[in-house]
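**Student:** Here's a structure for you.
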Amino acid sequence: MSVVKKFPEGFLWGGATAANQVEGAYDLDGKGLSTADMVRYIPKAERTKDHALDVTREEIEAILSGKEEGRFPKRDGIDFYHHYKEDIALFAEMGFKVFRLSINWARIFPNGDDAEPNEAGLRFYDDVFDECLKYGIEPLVTLSHYETPLQLTLKYNGWADRRVIGFFMNYAETVFKRYRSKVKYWLTFNEINVITLSPYTGGGVLVESAENKLQLCYQAAHHQLVASSLATKLAHEIIPGSQVGCMLARMATYPATNNPDDILKAQKLNQMNLFFTDVHAKGEYPFFMKRYFEEKDIHIQKEVGDDEILKAHTVDFISFSYYMSLSTSSSPEAQTSSGNLMGGVKNPYLETSDWGWQIDPKGLRYTLNDFYTRYELPLFIVENGLGAYDEVEADGSIHDEYRIDYLRKHIEQMQEAITDGVELIGYTSWGPIDLVSASTSEMSKRYGFIYVDQDDDGNGTLARSRKDSFFWYKQVIESNGETL
Ligand code: BG6
């Protein structure tokens, strides 16, 4: 007898994007430069790593003085700035209940530390939210998704400086007040753990000259954690009934074998990953960080009152991205695998995407159960999807059954987790419309249900078209997950 439960009534189906990967208009209507605007496209053959994200002060200065050439795809995105009506109409056609997007901080405060906000920037998001609400789509808004106003990096070294908490709170207060009647769901920092993997991406922090890079990263992380708690407090005060979540790049790590060394190594990696959600949900630094900080000679400078802030303003729900699981081994001979900023060793039971990410739908059920056991808070999957090469047929159609297969298998496992008893409130697949890749700035790494005619070199008409997955996802939402 099948005991599999249905998705709950009111389940929030939708899709997720980030300002710097879709908006474009990087210097229009008073927007300031952001860290993402400095990231150049490096073709695959020339890349030395899986990703091309980190930028040095020297490179920024050369770019600003016009000495460095190249393409900066995150400046252009897919020109959502001018296409948002058409794009949101397509989301509505699929039946979206929720649309996750981020506000570009530098559109509101061009330098980050300005006294007054930029009205044109505020108006843009008013228009976007109004457009969503017109179709009954709930906006889910990330305050900081992989970009910091560039001036904050140049003047303060981004989140490494405690003063940035104050600038961020000014920004948060401005947008909470402005959008209080339009936005109920908020996320503070996208994939907050990324600050330790790519500090420039996660927090606008330049680490090249730091003696102890980890010290700088964890200090910046502390500032973000305090800011996240303060923003949660403020949202609750300004917007009655608001729901605020944290956001983690969750990478469940399995031991490659039952060798106790592998098991301990996997446990440690999971602890380091979950440190961020532990603080957000439990309101304090978990016990295992003490030893880690000692071993790495990390000394977090806290101010009086920080611990109380973290304790008093924990999140309402946990949100996370899930693309893959990782495996780890204590053996130096183990074969490695790729991942978004973090790799591991090959798991022989899993297939990989075109970018080498290990596809593991059952790992999502495991992850959901694991989170719920640890925190007993509602969960929201705010990113999941398959980056793949798509082919446009002569008649314009795109048969992306590989994407449907990936998503179907993950949604099946969500249903299993719901049947296990996990409280899952929503699912926004990553990149419902093709967008610029965060890690590689490629356009050819496509996640969308909606195809965008633009290639890696920025050529194309930007025309939008529906892939097969568009019609598939529409019926998933229509049937509340029953027709997969
Ligand atoms: C997450 C980010 O890490 O993964 C997104 O929050 C990103 O911004 C997504 O786009 C997929 O990664 P990529 O590198 O394939 O774009």
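Letters A, B, ... mark the chains of the structure tokens in the order given; residue numbers begin at 1 per chain; ligand numbers begin at 1, in order shown.
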As a ChimeraX atom specification, please: the residues near Arg180 (chain A) (cut-off 10 Å, only C-alpha atoms, same-chain neighbours under 5 positions excluded).
**Tutor:** /A:174-175,235,238-240,242
**Student:** List the spatial neighbours of region 211-225 of chain A as JSON, numbers by chain - criterion: any atom at most 10 Å away, only C-alpha atoms, same-chain residues fewer than 5 positions off excluded.
**Tutor:** {"A": [157, 158, 159, 160, 161, 162, 163, 164, 165, 168, 188, 189, 192, 193, 194, 195, 196, 197, 198, 199, 200, 202, 203, 204, 205, 206, 230, 231, 246, 276, 277, 279, 280, 283, 285, 293, 296, 297, 298, 299, 300, 301, 302, 306, 309, 310]}
**Student:** Residues within 12 Å of Ala115 (chain A), please, as a ChimeraX atom specification. Count only C-alpha atoms; anything in the same chain fewer than 6 positions from it doesn't count.
**Tutor:** /A:108-109,166-168,170-171,174
**Student:** Select the residues contacting ligand 1 at a distance of at most 7 Å, based on only C-alpha atoms and all ligand atoms, then format the selection as a PyMOL selection string.
**Tutor:** chain A and resi 18+146+190-191+249+321+340+387+430+436-440+445
**Student:** Could you save the residues just selected, with N, CA and C atoms, as an mmCIF file, in the first residue's frame?
**Tutor:**
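Result written to out-v5.cif:
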data_model
loop_
_atom_site.group_PDB
_atom_site.id
_atom_site.type_symbol
_atom_site.label_atom_id
_atom_site.label_comp_id
_atom_site.auth_asym_id
_atom_site.auth_seq_id
_atom_site.Cartn_x
_atom_site.Cartn_y
_atom_site.Cartn_z
ATOM 1 N N ALA A 18 18.759 35.652 -9.082
ATOM 2 C CA ALA A 18 19.521 36.649 -8.318
ATOM 3 C C ALA A 18 19.716 37.861 -9.217
ATOM 4 N N TYR A 146 25.211 37.315 -3.369
ATOM 5 C CA TYR A 146 26.486 37.320 -4.087
ATOM 6 C C TYR A 146 26.865 38.678 -4.659
ATOM 7 N N ASN A 190 22.268 35.011 0.828
ATOM 8 C CA ASN A 190 22.293 33.805 0.014
ATOM 9 C C ASN A 190 23.515 32.960 0.355
ATOM 10 N N GLU A 191 23.311 31.662 0.519
ATOM 11 C CA GLU A 191 24.422 30.725 0.725
ATOM 12 C C GLU A 191 25.507 31.341 1.612
ATOM 13 N N ALA A 249 24.182 26.970 1.396
ATOM 14 C CA ALA A 249 24.500 26.036 0.309
ATOM 15 C C ALA A 249 24.756 24.706 1.008
ATOM 16 N N SER A 321 20.040 25.724 -0.707
ATOM 17 C CA SER A 321 20.162 25.239 -2.076
ATOM 18 C C SER A 321 20.616 23.794 -2.006
ATOM 19 N N ASN A 340 29.706 22.971 -6.652
ATOM 20 C CA ASN A 340 29.717 24.432 -6.680
ATOM 21 C C ASN A 340 30.572 24.965 -5.540
ATOM 22 N N GLY A 387 22.032 22.380 -14.390
ATOM 23 C CA GLY A 387 22.692 23.216 -15.387
ATOM 24 C C GLY A 387 23.097 22.309 -16.536
ATOM 25 N N TRP A 430 16.031 26.527 -9.284
ATOM 26 C CA TRP A 430 16.973 27.580 -9.670
ATOM 27 C C TRP A 430 16.820 27.942 -11.144
ATOM 28 N N VAL A 436 22.762 34.055 -16.287
ATOM 29 C CA VAL A 436 24.228 33.961 -16.281
ATOM 30 C C VAL A 436 24.661 33.090 -15.094
ATOM 31 N N SER A 437 25.540 32.150 -15.353
ATOM 32 C CA SER A 437 25.988 31.252 -14.280
ATOM 33 C C SER A 437 26.780 32.030 -13.225
ATOM 34 N N ALA A 438 26.519 31.699 -11.969
ATOM 35 C CA ALA A 438 27.253 32.375 -10.891
ATOM 36 C C ALA A 438 28.717 31.984 -10.927
ATOM 37 N N SER A 439 29.007 30.712 -11.082
ATOM 38 C CA SER A 439 30.389 30.275 -10.916
ATOM 39 C C SER A 439 31.252 30.497 -12.149
ATOM 40 N N THR A 440 30.656 30.450 -13.337
ATOM 41 C CA THR A 440 31.483 30.520 -14.543
ATOM 42 C C THR A 440 31.123 31.685 -15.472
ATOM 43 N N LYS A 445 25.383 27.348 -19.600
ATOM 44 C CA LYS A 445 24.993 26.475 -18.489
ATOM 45 C C LYS A 445 23.570 26.875 -18.113
#
**Student:** Give me, as CSV, the closest atom pair and its distance (Å, one decimal) for every residue of region 116-193 of chain A within a cut-off of 8 Å of region 21-40 of chain A, counting only C-alpha atoms, rows sorted by chain and rising number.
**Tutor:**
residue,atom,partner,partner_atom,distance
A:Asn118,CA,A:Gly30,CA,6.7
A:Ala120,CA,A:Asp29,CA,5.9
A:Gly121,CA,A:Asp29,CA,6.9
A:Tyr146,CA,A:Ala36,CA,7.2
A:Glu147,CA,A:Thr35,CA,5.4
A:Thr148,CA,A:Ser34,CA,5.5
A:Pro149,CA,A:Ser34,CA,4.2
A:Leu150,CA,A:Ser34,CA,4.4
A:Gln151,CA,A:Leu33,CA,7.7
A:Thr153,CA,A:Thr35,CA,7.6
**Student:** The selected residues should be written to file as a tab-separated table (two decimals), in the first residue's frame (atoms: N, CA, C and O atoms).
**Tutor:**
chain	number	residue	atom	x	y	z
A	118	ASN	N	18.53	55.58	-3.35
A	118	ASN	CA	18.29	56.00	-4.74
A	118	ASN	C	16.84	55.66	-5.11
A	118	ASN	O	16.48	54.49	-5.24
A	120	ALA	N	15.11	55.87	-7.80
A	120	ALA	CA	14.84	55.12	-9.04
A	120	ALA	C	15.02	53.61	-8.81
A	120	ALA	O	14.27	52.79	-9.35
A	121	GLY	N	15.99	53.27	-7.99
A	121	GLY	CA	16.21	51.85	-7.67
A	121	GLY	C	15.04	51.29	-6.89
A	121	GLY	O	14.55	50.19	-7.18
A	146	TYR	N	25.21	37.31	-3.37
A	146	TYR	CA	26.49	37.32	-4.09
A	146	TYR	C	26.86	38.68	-4.66
A	146	TYR	O	27.48	38.75	-5.73
A	147	GLU	N	26.48	39.76	-3.99
A	147	GLU	CA	27.02	41.04	-4.44
A	147	GLU	C	26.96	42.06	-3.31
A	147	GLU	O	26.06	42.05	-2.49
A	148	THR	N	27.98	42.88	-3.29
A	148	THR	CA	28.14	43.92	-2.30
A	148	THR	C	28.46	45.19	-3.09
A	148	THR	O	29.16	45.09	-4.11
A	149	PRO	N	27.95	46.35	-2.67
A	149	PRO	CA	28.38	47.56	-3.39
A	149	PRO	C	29.91	47.63	-3.43
A	149	PRO	O	30.57	47.46	-2.40
A	150	LEU	N	30.45	47.84	-4.62
A	150	LEU	CA	31.91	47.77	-4.79
A	150	LEU	C	32.65	48.73	-3.87
A	150	LEU	O	33.74	48.41	-3.37
A	151	GLN	N	32.06	49.90	-3.63
A	151	GLN	CA	32.74	50.88	-2.77
A	151	GLN	C	32.95	50.33	-1.36
A	151	GLN	O	33.92	50.70	-0.70
A	153	THR	N	33.69	47.33	-0.66
A	153	THR	CA	34.88	46.48	-0.76
A	153	THR	C	36.14	47.36	-0.78
A	153	THR	O	37.10	47.10	-0.06
**Student:** Nearest to Tyr41 (chain A) among A:Glu294, A:Lys467, A:Met443, A:Asp278, with distances taken over only C-alpha atoms: which residue is it?
**Tutor:**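 Ranked by minimum distance to Tyr41 (chain A), first place goes to A:Met443.
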**Student:** Run DSSP on the backbone and tell me which residues of region 175-383 of chain A come out as strand (DSSP E or B); list them as JSON, numbers by chain.
**Tutor:** {"A": [185, 186, 187, 188, 189, 243, 244, 245, 246, 247, 248, 249, 253, 254, 255, 317, 318, 319, 320, 321, 326, 327, 328, 336, 337, 344, 345, 351, 352, 358, 359, 379, 380, 381, 382, 383]}
**Student:** Can you work out the spacing between CA of Asp79 (chain A) and CA of Leu143 (chain A) in Å, to one decimal?
**Tutor:**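 A separation of 20.0 Å between them.
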**Student:** So, with only C-alpha atoms as the atoms that count, which of A:Thr17, A:Phe371, A:Leu122, A:Lys5 lies closest to Ile78 (chain A)?
**Tutor:**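 Looking only at the distances to Ile78 (chain A), the closest residue turns out to be A:Thr17.
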**Student:** Can you tell me, as JSON, numbers by chain, what residues are no more than 12 Å from Glu59 (chain A) when counting only C-alpha atoms, ignoring any on the same chain fewer than 2 positions away?
**Tutor:** {"A": [35, 38, 39, 40, 54, 55, 56, 57, 61, 62, 63, 64, 65, 66, 67, 68, 69, 70, 154, 206, 208]}
**Student:** List as a list of chain:residue names the protein and nucleic acid residues near Gln415 (chain A), meaning an atom at most 10 Å away when only C-alpha atoms are counted, but skip any in the same chain fewer than 2 places from it.
**Tutor:**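 My reading of the contact set: A:Val4, A:Lys5, A:Lys6, A:Phe7, A:Pro8, A:Arg365, A:His410, A:Ile411, A:Glu412, A:Gln413, A:Ala417, A:Ile418, A:Thr419, A:Asp420, A:Gly421, A:Val422, A:Leu424, A:Gly481, A:Glu482.
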**Student:** Identify which of the residues A:Asp127, A:Glu138, A:Asp114, A:Glu295 lies closest to Val183 (chain A), counting only C-alpha atoms when measuring atom-to-atom distances.
**Tutor:**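 Closest residue, counting only C-alpha atoms: A:Glu138.
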**Student:** I'd like the contact shell of region 260-265 of chain A - 9 Å cut-off, only C-alpha atoms, skipping same-chain residues fewer than 3 positions apart - returned as number ranges by chain.
**Tutor:** A: 254-257, 268-270, 328-331
**Student:** Can you write out the residues you just picked, keeping all heavy atoms, as a short mmCIF file (atom, residue, chain, number, x, y, z; two decimals), in the first residue's frame?
**Tutor:**
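In the end it all went to result-v7.cif:
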data_model
loop_
_atom_site.label_atom_id
_atom_site.label_comp_id
_atom_site.auth_asym_id
_atom_site.auth_seq_id
_atom_site.Cartn_x
_atom_site.Cartn_y
_atom_site.Cartn_z
N TYR A 254 28.93 12.52 2.39
CA TYR A 254 28.92 11.11 2.80
C TYR A 254 30.36 10.64 2.96
O TYR A 254 31.25 11.07 2.22
CB TYR A 254 28.31 10.22 1.72
CG TYR A 254 26.93 10.57 1.22
CD1 TYR A 254 26.61 10.35 -0.13
CD2 TYR A 254 25.93 11.06 2.05
CE1 TYR A 254 25.34 10.62 -0.63
CE2 TYR A 254 24.65 11.33 1.56
CZ TYR A 254 24.37 11.11 0.22
OH TYR A 254 23.12 11.37 -0.28
N PRO A 255 30.58 9.67 3.88
CA PRO A 255 31.90 9.03 3.90
C PRO A 255 32.01 8.10 2.69
O PRO A 255 31.03 7.43 2.33
CB PRO A 255 31.87 8.22 5.21
CG PRO A 255 30.43 8.08 5.58
CD PRO A 255 29.65 9.18 4.91
N ALA A 256 33.16 8.08 2.04
CA ALA A 256 33.32 7.24 0.86
C ALA A 256 33.25 5.75 1.21
O ALA A 256 32.83 4.93 0.40
CB ALA A 256 34.63 7.56 0.16
N THR A 257 33.67 5.40 2.43
CA THR A 257 33.61 4.00 2.86
C THR A 257 33.23 3.98 4.35
O THR A 257 33.08 5.03 4.97
CB THR A 257 35.00 3.31 2.75
OG1 THR A 257 35.83 3.87 3.78
CG2 THR A 257 35.65 3.50 1.40
N LYS A 268 32.92 15.90 10.25
CA LYS A 268 33.54 17.22 10.43
C LYS A 268 33.08 18.18 9.31
O LYS A 268 32.69 19.32 9.56
CB LYS A 268 35.07 17.04 10.42
CG LYS A 268 35.93 18.25 10.60
CD LYS A 268 35.68 19.09 11.83
CE LYS A 268 35.84 18.41 13.17
NZ LYS A 268 35.24 19.13 14.30
N LEU A 269 33.11 17.69 8.06
CA LEU A 269 32.70 18.56 6.94
C LEU A 269 31.24 18.98 7.07
O LEU A 269 30.87 20.12 6.79
CB LEU A 269 32.95 17.85 5.60
CG LEU A 269 34.43 17.74 5.22
CD1 LEU A 269 34.63 16.78 4.04
CD2 LEU A 269 35.01 19.11 4.87
N ASN A 270 30.40 18.05 7.52
CA ASN A 270 28.98 18.40 7.71
C ASN A 270 28.83 19.43 8.82
O ASN A 270 28.03 20.36 8.72
CB ASN A 270 28.15 17.15 8.00
CG ASN A 270 27.89 16.36 6.73
OD1 ASN A 270 27.50 16.92 5.71
ND2 ASN A 270 28.13 15.06 6.76
N THR A 328 33.47 12.07 0.82
CA THR A 328 34.84 12.39 1.23
C THR A 328 35.57 11.12 1.63
O THR A 328 34.95 10.13 2.05
CB THR A 328 34.84 13.41 2.38
OG1 THR A 328 36.16 13.92 2.55
CG2 THR A 328 34.37 12.82 3.70
N SER A 329 36.87 11.19 1.49
CA SER A 329 37.67 10.02 1.79
C SER A 329 38.96 10.44 2.49
O SER A 329 39.47 11.54 2.24
CB SER A 329 38.03 9.31 0.48
OG SER A 329 39.08 8.41 0.68
N SER A 330 39.46 9.56 3.34
CA SER A 330 40.73 9.88 3.99
C SER A 330 41.90 9.40 3.14
O SER A 330 43.06 9.66 3.45
CB SER A 330 40.77 9.22 5.38
OG SER A 330 40.42 7.87 5.26
N SER A 331 41.57 8.71 2.04
CA SER A 331 42.65 8.18 1.20
C SER A 331 43.11 9.20 0.17
O SER A 331 42.30 9.77 -0.56
CB SER A 331 42.13 6.93 0.48
OG SER A 331 42.80 6.76 -0.73
#
**Student:** Pick out the residues sitting within 10 Å of Pro43 (chain A), and hand them over as an mmCIF file with C-alpha atoms, in the first residue's frame; count only C-alpha atoms, and ignore anything fewer than 6 positions along from it in its own chain.
**Tutor:**
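Listed below is the output, out-v3.cif:
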data_model
loop_
_atom_site.group_PDB
_atom_site.id
_atom_site.type_symbol
_atom_site.label_atom_id
_atom_site.label_comp_id
_atom_site.auth_asym_id
_atom_site.auth_seq_id
_atom_site.Cartn_x
_atom_site.Cartn_y
_atom_site.Cartn_z
ATOM 1 C CA ALA A 52 36.044 31.953 -12.073
ATOM 2 C CA THR A 440 31.483 30.520 -14.543
ATOM 3 C CA SER A 441 29.559 33.506 -16.012
ATOM 4 C CA GLU A 442 28.538 31.207 -18.840
ATOM 5 C CA ASP A 456 28.515 32.911 -23.847
ATOM 6 C CA ASP A 457 29.875 35.851 -25.819
#
